[in-house]
Amino acid sequence: MKPEYRFSDSRRAMLKAMGAAGLVTAASGLMVPGHVLAQTLENAQAQTPKYGGRIRVASTSVSTKDTLDPAKASLSTDYMRIYMLYSGLTQFNRELGADLSLAEVLESDDQQTWQITLRQGVTFHNGKSLTPQDVVYSLMRHKDPATTSRVAPIAAQFADAKVTGPNSLSLTLASPNADLPIILASSNFCIVAEGTTDFTRTANGTGPYTLAEFSPGVRTIARKNPDFFKPGRPYLDEIELVGIADESSRVNALLSGDIQMALALNPRSTKRVRRSGNCDVMQTESGLYTNLIMRQDVYPTNNPDFVLAIKYMMDRPLIKRALFRGYATIANDHPVPPSHRYYNADLPQRPYDLDRARYHLKKAGMTGARVPVFASPAAEGSTDMAALLQLAGIETDLKLGINRVPADGYWSNHWMKHPLGFGNINPRASLDELFSLFYKSDAPWNESGWQNPQFDQLLLAARGEGNEQVRKQMYGDMQTLIAEQCGVSIPVFLNIIDGYDKRIKGFYPIPTGGFMGYSFAEHVWLDA
Amino acid sequence: MKVILRLIAQRIGVSLITLLIVSAVVFFIANLLPGDAAQEMLGQSATPEAVAELREAYGLNDPPPVRYAKWLGGLLTGDAGVSLANDRPVDALIGERLRKSLLLAGFTAVLAVPFAMVLGIVSAMYSGSRIDKAVNIFTLSMVAVPEFLLATILVLIFAVELNWLPSLSYIPRDATAYDYFRAFAMPVVTLCIVLSAQMARLTRAAVVEQLSQPYVEMALLKGATLSRAVLRHALPNAVGPIVNAIALSLSYLLGGVVIVEVIFNYPGVASLMVDAVTNRDMPLLQACAMLFCVGYLILVLIADISAIVANPKLRKGG
Amino acid sequence: MRSQLSALPVSGKIGLSLVVFWVVLAIIGPFITPYSASELVAYDVFESFSGKYWLGTDYLGRDVLSRLLDGARFTIFIPLAAAGLACATGTFIALFAAVSHRRTDETISRFMDALISIPSKIFALVMIAAFGSSVPILLTITAISYMPGSFRLARSLAVNVANMDFVTVARTRGESRVYLAVKEILPNIVHPMLADFGLRFVFVVLLLSSLSFLGLGVQPPQADLGSLVRENISGLAEGAPAVIVPAIAIATITIAVNLLIDSLRGGATYSAGSK
């Protein structure tokens, strides 16, 4: 069932020009249906799942902005709600790859035109059968401005989608993209029934749970979908999803048994949770990071020596230890975590080196200068990172003034608007998506305004590259470029810590986010 | 009686004028906020084109006076508009939350007001005595503890350690009286402590003030008992400041309880309004603000009327 | 002055000495911190009292004593200034309203009602979202939030007094409005207003800590005492001094201010119980 990747002549020529060696057929393991793989993993854990039970789980926030529309999902609570009620063509696995879900076959010869065959016998919650028309509608609606889709920039590459048979369709991209299976696994691309425009009260999906109650800003109650297309799933009878914004309240609710799962705990709470005896924490090493942005279009942060000086002033071990109590992974000023299959392990780790920082500051003519840095609780840990950086600044004779601004409105009013400020980027399984959104010269959120033609060229080439080894090499080179030249400093990746009642079973980390990449609902069961 | 009815009608008329001022103030303040719903909706992923389109769709491009007029016109015809964040009618969003808020406020008021009055009057009657000092220290220390600390301490003791009460204030479907008690116990106690300390102190101050007046001294000299002097002479004159203090304290129960709502995850109107600020959801924000103002005005109206009824001199003077 | 001091009851002396203690600490505190208030000095967080860190360490491993000394000034001076401003302006506008023409009185009262009916936390939330969070902004917001409340109380007291016989007598005597307001009414409402000031001081302290709960108060690395309680709240379960000590500090400050004010009006307090 493995796909045969064939390359056009022009692609060959381009790869040759870039010095890539022999082409090997990719072996991506894409074609193993998701539930089979997941079940194998769970069976290895030796317990037979039990059915039934009701749990209450808490994420970090609920607001009136809560949505039942996959296209509008923008917060962790939304992602969880969507994955409870809907399914995607593919879904993430614990290796950050994508397994098939609603799609039975997803293949392409050129990474540009994809043939999709749907699983048969899938029904929506209202009884309607899943058709290729539904999929075409679900994918193409992101391109309609009226949808106000969060992933409109990504969906822009969907050039055309058409039904090719009673159970199949083809999706043509504007340019080749080998990461499509991963892109389609995000909650935003979950499948809705054709023609659905009103999502205010009902959710007609194919997901493991059906909607029983939805009060925006309060809670969502979902009941087991008896007709779920994966045999034997899901396990629980009912899930109540709430949001508790205050972290210490979230921990207290978990410890007092009012909730069974709590998203995103503070590293300092882990001791308390573990000590309780009946609760535990699950650590997910992810690509989530808080970064310092040095705008490349304004003085003084556009000076390459200033950028390097700041990168040497990041005391990564201290940040990991003091700010995150060890629940972090040291990063190397580029956004790819060590756990990612394309991670460039050959790139030397940048040390904390104030002598070199002083040297670069002097070279930049910035010794003794005064620069404001903007931090906010909106970018997790940024205010404390700024404080540590300020201390390093005292050592190197750079006066950093911290402007701490409230989380409210940070993304629209401060993010990327100051020469020196913090950002916070969620993990993305697809490096192509990550780089296209945040690092390409014309990226919509090119945080530092970094312009690098070589990087852009590599990115486009890697997107259409079907050969895993060549791709890895390309992504490795891009990591080097970012680490050495881009105006962002990424000190550490933040591990996501979830608290859970020990009776919850079948819970393992999926690195796209907390709560199994937000898709816990179809996997967990209650051992009560 | 006729006089009083006319006064009440007058007060209601005056309140309506206040509401009009409020609507302008609210609109003005809400429009000080930087950014708008279009930006917040798209959040971190906003592109200028997408924001511009959404802004047009929301009607955010009209000049402020036009938007104010549209909004006010809507309010007068009973249409509070549609939430920009989730396309539901604002009154539907508020309605359910308001019921919850009123429930919490009601329970708290029923407990806190009598408690505070008794505390205040007793310590005023025996001002300077040991009771007075004990009450004084008690109310002072209660008023000095940050609300979120008080709530967290209660949760740690009664939910986490003893496991007697739930840490979240959820009312299950088909709840019994006992369920209500469990859900409300901690939030109500927290709010009672915060509010009654303040009310008790103001009550005491007002009664003490009256007790120092010559007419009370006269009554005492004529042989009236202390409690009679307090109840018959001092209290009616102290009613004005006391009901005012109560009105102020109770108005806190609608919009000021955001911290209790956050900690106990209780879905009331205050946290709804915080949401509205974060999402720049102006129709919802303005509607909530108007709601708090109406609530406050009703309380003040009641306070004013009771003061008039209680004090014959004011009755004449208007 | 001295005789006035020695005339204070014991509770007043306690209050006064605590107030003096905190004011002095607030002034010299930032200069006598044993460590830098923002530096991470210890690896262990939420340490208890020790010889090295007298009041233990906070959630990041900073010295609690240093942070307390550095933060006291915000909790003393912002509320002092804000409550003073709120009460003074509130009282004077109320006096003006009480002796003015009914229409003026009504207009002012309506406007104040409009202001007061906006909950202080929500008002602060919107204003801080609009103007950012800095000490001057916090001072302004808290003063504006509490002024209409003072006004309402003062006005209701003033109207009561204005209807009393001795004021009516003074009015028929042909005294000026200023005279009526300042000489006849003000002395009779000043005591409840002092009590009000004490309460309002406490309110501002609490509003500041509520704002820090919502992430809007005094901004780190600086922190008022309420922010210290808030940022260390997760240490409460283990009884960390980092959360308990600032809470006690807030309590002593607010209680002291109120004890002092209560006893200053002590002379005027009619002690009916002792009769």
# chains A, B, ... in the order shown; residues from 1 in each chain; ligands from 1
>>> residues_around(residues="range 141-158 of chain B", least_positions_apart="4", cutoff="9 Å", atoms="only C-alpha atoms", output="compact mmCIF listing (two decimals) with C-alpha atoms, in the first residue's frame")
# COMPACT_ATOMS: atom_id res chain seq x y z
CA SER A 248 -4.38 27.26 40.84
CA SER A 249 -8.17 26.79 40.63
CA ASN A 252 -7.54 22.53 43.13
CA ALA A 253 -10.45 21.26 41.05
CA SER A 256 -10.71 17.76 44.88
CA ASN B 136 -14.23 46.19 64.79
CA ILE B 137 -11.19 43.95 64.59
CA LEU B 162 -11.81 17.87 53.62
CA ASN B 163 -13.57 17.07 50.36
CA TRP B 164 -16.86 18.35 51.77
CA LEU B 165 -17.70 20.82 49.03
CA PRO B 166 -16.98 20.98 45.29
CA SER B 167 -14.27 23.43 44.26
CA LEU B 168 -16.31 24.49 41.25
CA MET B 186 -18.22 28.79 49.30
CA PRO B 187 -18.90 31.59 46.81
CA VAL B 189 -19.56 32.84 52.15
CA THR B 190 -16.68 34.56 50.37
CA LEU B 191 -18.92 37.35 49.13
CA ILE B 193 -17.47 38.20 54.28
CA VAL B 194 -16.29 40.77 51.77
CA LEU B 195 -19.58 42.67 51.75
CA SER B 196 -20.86 42.49 55.29
CA ALA B 197 -17.64 43.84 56.77
CA GLN B 198 -18.07 46.97 54.71
CA ILE B 259 -12.97 37.11 40.85
CA VAL B 260 -15.39 34.83 42.66
CA ILE B 263 -12.22 31.05 40.96
CA PHE B 264 -15.38 28.98 41.34
CA LEU C 199 -12.59 51.96 54.01
CA VAL C 202 -8.72 49.39 52.00
CA PHE C 203 -10.82 49.18 48.83
CA VAL C 205 -5.55 48.13 48.25
CA LEU C 206 -7.98 45.33 47.43
CA LEU C 207 -8.83 46.64 43.97
CA SER C 209 -4.74 43.14 44.29
CA SER C 210 -7.87 42.14 42.35
CA PHE C 213 -5.32 38.72 39.96
CA GLY C 226 -1.38 42.17 46.48
CA VAL C 229 0.08 37.30 47.19
CA ARG C 230 -1.29 36.63 43.73
CA ILE C 233 -0.85 31.78 45.48
CA LEU C 236 -0.60 28.50 49.72
CA ALA C 237 -1.17 24.75 49.95
CA ALA C 247 -1.15 38.84 53.07
CA ILE C 248 -0.42 39.60 56.71
CA ILE C 250 -1.76 43.93 53.78
CA ALA C 251 -3.90 43.13 56.78
CA THR C 252 -1.70 45.06 59.20
CA ILE C 253 -1.58 48.09 56.92
CA THR C 254 -5.32 48.29 56.40
CA ILE C 255 -6.16 47.56 60.02
>>> interface_residues(of="chain A", to="chain C", cutoff="9 Å", atoms="only C-alpha atoms", output="list of chain:residue names")
A:Glu247, A:Ser248, A:Arg268, A:Ser269, A:Arg272, A:Arg321, A:Ala322, A:Leu323, A:Pro377, A:Thr383, A:Asp384, A:Ala387, A:Leu388, A:Leu391, A:Ile402, A:Asn403, A:Arg404, A:Val405, A:Pro406, A:Ala407, A:Asp408, A:Gly409
>>> write_last_selection(atoms="N, CA and C atoms", output="PDB file, in the first residue's frame")
ATOM      1  N   GLU A 247      -4.962  28.996  36.985  1.00  0.00           N
ATOM      2  CA  GLU A 247      -4.242  27.731  37.087  1.00  0.00           C
ATOM      3  C   GLU A 247      -4.396  27.092  38.460  1.00  0.00           C
ATOM      4  N   SER A 248      -4.317  27.889  39.519  1.00  0.00           N
ATOM      5  CA  SER A 248      -4.384  27.263  40.839  1.00  0.00           C
ATOM      6  C   SER A 248      -5.795  26.716  41.090  1.00  0.00           C
ATOM      7  N   ARG A 268       5.401  24.283  38.621  1.00  0.00           N
ATOM      8  CA  ARG A 268       5.478  24.333  40.082  1.00  0.00           C
ATOM      9  C   ARG A 268       4.344  23.573  40.751  1.00  0.00           C
ATOM     10  N   SER A 269       3.309  23.224  39.983  1.00  0.00           N
ATOM     11  CA  SER A 269       2.183  22.501  40.582  1.00  0.00           C
ATOM     12  C   SER A 269       2.391  20.995  40.545  1.00  0.00           C
ATOM     13  N   ARG A 272       2.740  19.045  43.863  1.00  0.00           N
ATOM     14  CA  ARG A 272       1.485  18.909  44.594  1.00  0.00           C
ATOM     15  C   ARG A 272       0.593  17.831  43.982  1.00  0.00           C
ATOM     16  N   ARG A 321      15.705  25.767  33.981  1.00  0.00           N
ATOM     17  CA  ARG A 321      15.668  25.319  35.366  1.00  0.00           C
ATOM     18  C   ARG A 321      14.784  26.222  36.230  1.00  0.00           C
ATOM     19  N   ALA A 322      15.032  27.540  36.145  1.00  0.00           N
ATOM     20  CA  ALA A 322      14.353  28.439  37.074  1.00  0.00           C
ATOM     21  C   ALA A 322      12.929  28.767  36.632  1.00  0.00           C
ATOM     22  N   LEU A 323      12.736  29.009  35.347  1.00  0.00           N
ATOM     23  CA  LEU A 323      11.400  29.422  34.910  1.00  0.00           C
ATOM     24  C   LEU A 323      10.483  28.238  34.713  1.00  0.00           C
ATOM     25  N   PRO A 377       2.195  38.523  29.731  1.00  0.00           N
ATOM     26  CA  PRO A 377       1.766  37.172  30.114  1.00  0.00           C
ATOM     27  C   PRO A 377       1.151  36.418  28.928  1.00  0.00           C
ATOM     28  N   THR A 383       7.797  37.472  30.511  1.00  0.00           N
ATOM     29  CA  THR A 383       8.206  38.519  31.446  1.00  0.00           C
ATOM     30  C   THR A 383       9.398  38.060  32.278  1.00  0.00           C
ATOM     31  N   ASP A 384       9.392  36.796  32.658  1.00  0.00           N
ATOM     32  CA  ASP A 384      10.517  36.291  33.440  1.00  0.00           C
ATOM     33  C   ASP A 384      11.766  36.145  32.573  1.00  0.00           C
ATOM     34  N   ALA A 387      13.263  39.418  32.327  1.00  0.00           N
ATOM     35  CA  ALA A 387      13.986  39.785  33.549  1.00  0.00           C
ATOM     36  C   ALA A 387      15.378  39.152  33.559  1.00  0.00           C
ATOM     37  N   LEU A 388      15.465  37.887  33.130  1.00  0.00           N
ATOM     38  CA  LEU A 388      16.775  37.226  33.094  1.00  0.00           C
ATOM     39  C   LEU A 388      17.682  37.896  32.059  1.00  0.00           C
ATOM     40  N   LEU A 391      19.167  41.007  33.383  1.00  0.00           N
ATOM     41  CA  LEU A 391      20.308  40.769  34.264  1.00  0.00           C
ATOM     42  C   LEU A 391      21.573  40.511  33.437  1.00  0.00           C
ATOM     43  N   ILE A 402      12.313  46.797  30.691  1.00  0.00           N
ATOM     44  CA  ILE A 402      11.199  45.884  30.424  1.00  0.00           C
ATOM     45  C   ILE A 402       9.881  46.636  30.423  1.00  0.00           C
ATOM     46  N   ASN A 403       9.146  46.530  29.330  1.00  0.00           N
ATOM     47  CA  ASN A 403       7.778  47.046  29.274  1.00  0.00           C
ATOM     48  C   ASN A 403       6.860  45.857  29.329  1.00  0.00           C
ATOM     49  N   ARG A 404       6.219  45.688  30.472  1.00  0.00           N
ATOM     50  CA  ARG A 404       5.328  44.543  30.575  1.00  0.00           C
ATOM     51  C   ARG A 404       3.921  45.021  30.288  1.00  0.00           C
ATOM     52  N   VAL A 405       3.290  44.434  29.287  1.00  0.00           N
ATOM     53  CA  VAL A 405       1.954  44.876  28.914  1.00  0.00           C
ATOM     54  C   VAL A 405       0.959  43.743  29.151  1.00  0.00           C
ATOM     55  N   PRO A 406      -0.315  44.092  29.459  1.00  0.00           N
ATOM     56  CA  PRO A 406      -1.300  43.057  29.766  1.00  0.00           C
ATOM     57  C   PRO A 406      -1.529  42.115  28.591  1.00  0.00           C
ATOM     58  N   ALA A 407      -2.002  40.908  28.916  1.00  0.00           N
ATOM     59  CA  ALA A 407      -2.257  39.904  27.880  1.00  0.00           C
ATOM     60  C   ALA A 407      -3.348  40.375  26.931  1.00  0.00           C
ATOM     61  N   ASP A 408      -4.319  41.103  27.503  1.00  0.00           N
ATOM     62  CA  ASP A 408      -5.450  41.567  26.694  1.00  0.00           C
ATOM     63  C   ASP A 408      -4.960  42.468  25.563  1.00  0.00           C
ATOM     64  N   GLY A 409      -5.239  42.076  24.356  1.00  0.00           N
ATOM     65  CA  GLY A 409      -4.876  42.911  23.207  1.00  0.00           C
ATOM     66  C   GLY A 409      -3.418  42.818  22.790  1.00  0.00           C
TER      67      GLY A 409
END
>>> interface_residues(of="chain A", to="chain B", cutoff="8 Å", atoms="only C-alpha atoms", output="ChimeraX atom specification")
/A:63-67,145,148,150,200,217-218,243-246,249,252-253,255-256,258,408-409,411-413,444-445
>>> select_by_dssp(residues="range 296-472 of chain A", states="alpha helix (DSSP H)", output="PyMOL selection string")
chain A and resi 304-312+316-318+354-363+382-396+410-413+431-438+453-463+468-472
>>> residues_around(residues="Ala80 in chain B", least_positions_apart="4", cutoff="6 Å", atoms="only C-alpha atoms", output="MDAnalysis selection string")
chainID B and resid 74:75 90
>>> decode(residues="range 294-305 of chain A", atoms="N, CA and C atoms", output="compact mmCIF listing (two decimals), in the first residue's frame")
# COMPACT_ATOMS: atom_id res chain seq x y z
N MET A 294 13.51 40.19 17.19
CA MET A 294 14.32 41.38 16.93
C MET A 294 14.00 41.81 15.51
N ARG A 295 13.21 42.86 15.36
CA ARG A 295 12.75 43.28 14.04
C ARG A 295 13.94 43.63 13.15
N GLN A 296 13.91 43.13 11.92
CA GLN A 296 15.01 43.34 11.00
C GLN A 296 14.83 44.59 10.14
N ASP A 297 13.72 45.31 10.37
CA ASP A 297 13.49 46.49 9.54
C ASP A 297 13.66 47.79 10.31
N VAL A 298 14.10 47.73 11.54
CA VAL A 298 14.32 48.97 12.29
C VAL A 298 15.65 48.91 13.06
N TYR A 299 16.19 50.09 13.31
CA TYR A 299 17.36 50.21 14.14
C TYR A 299 16.92 50.05 15.60
N PRO A 300 17.67 49.46 16.49
CA PRO A 300 19.00 48.87 16.32
C PRO A 300 18.95 47.37 16.12
N THR A 301 17.73 46.81 16.14
CA THR A 301 17.66 45.34 16.13
C THR A 301 18.00 44.76 14.77
N ASN A 302 18.14 45.61 13.74
CA ASN A 302 18.47 45.07 12.43
C ASN A 302 19.97 44.82 12.27
N ASN A 303 20.74 45.19 13.28
CA ASN A 303 22.18 44.95 13.21
C ASN A 303 22.47 43.48 13.53
N PRO A 304 23.10 42.74 12.59
CA PRO A 304 23.32 41.30 12.80
C PRO A 304 24.15 41.03 14.06
N ASP A 305 25.04 41.93 14.40
CA ASP A 305 25.84 41.71 15.60
C ASP A 305 25.02 41.87 16.86
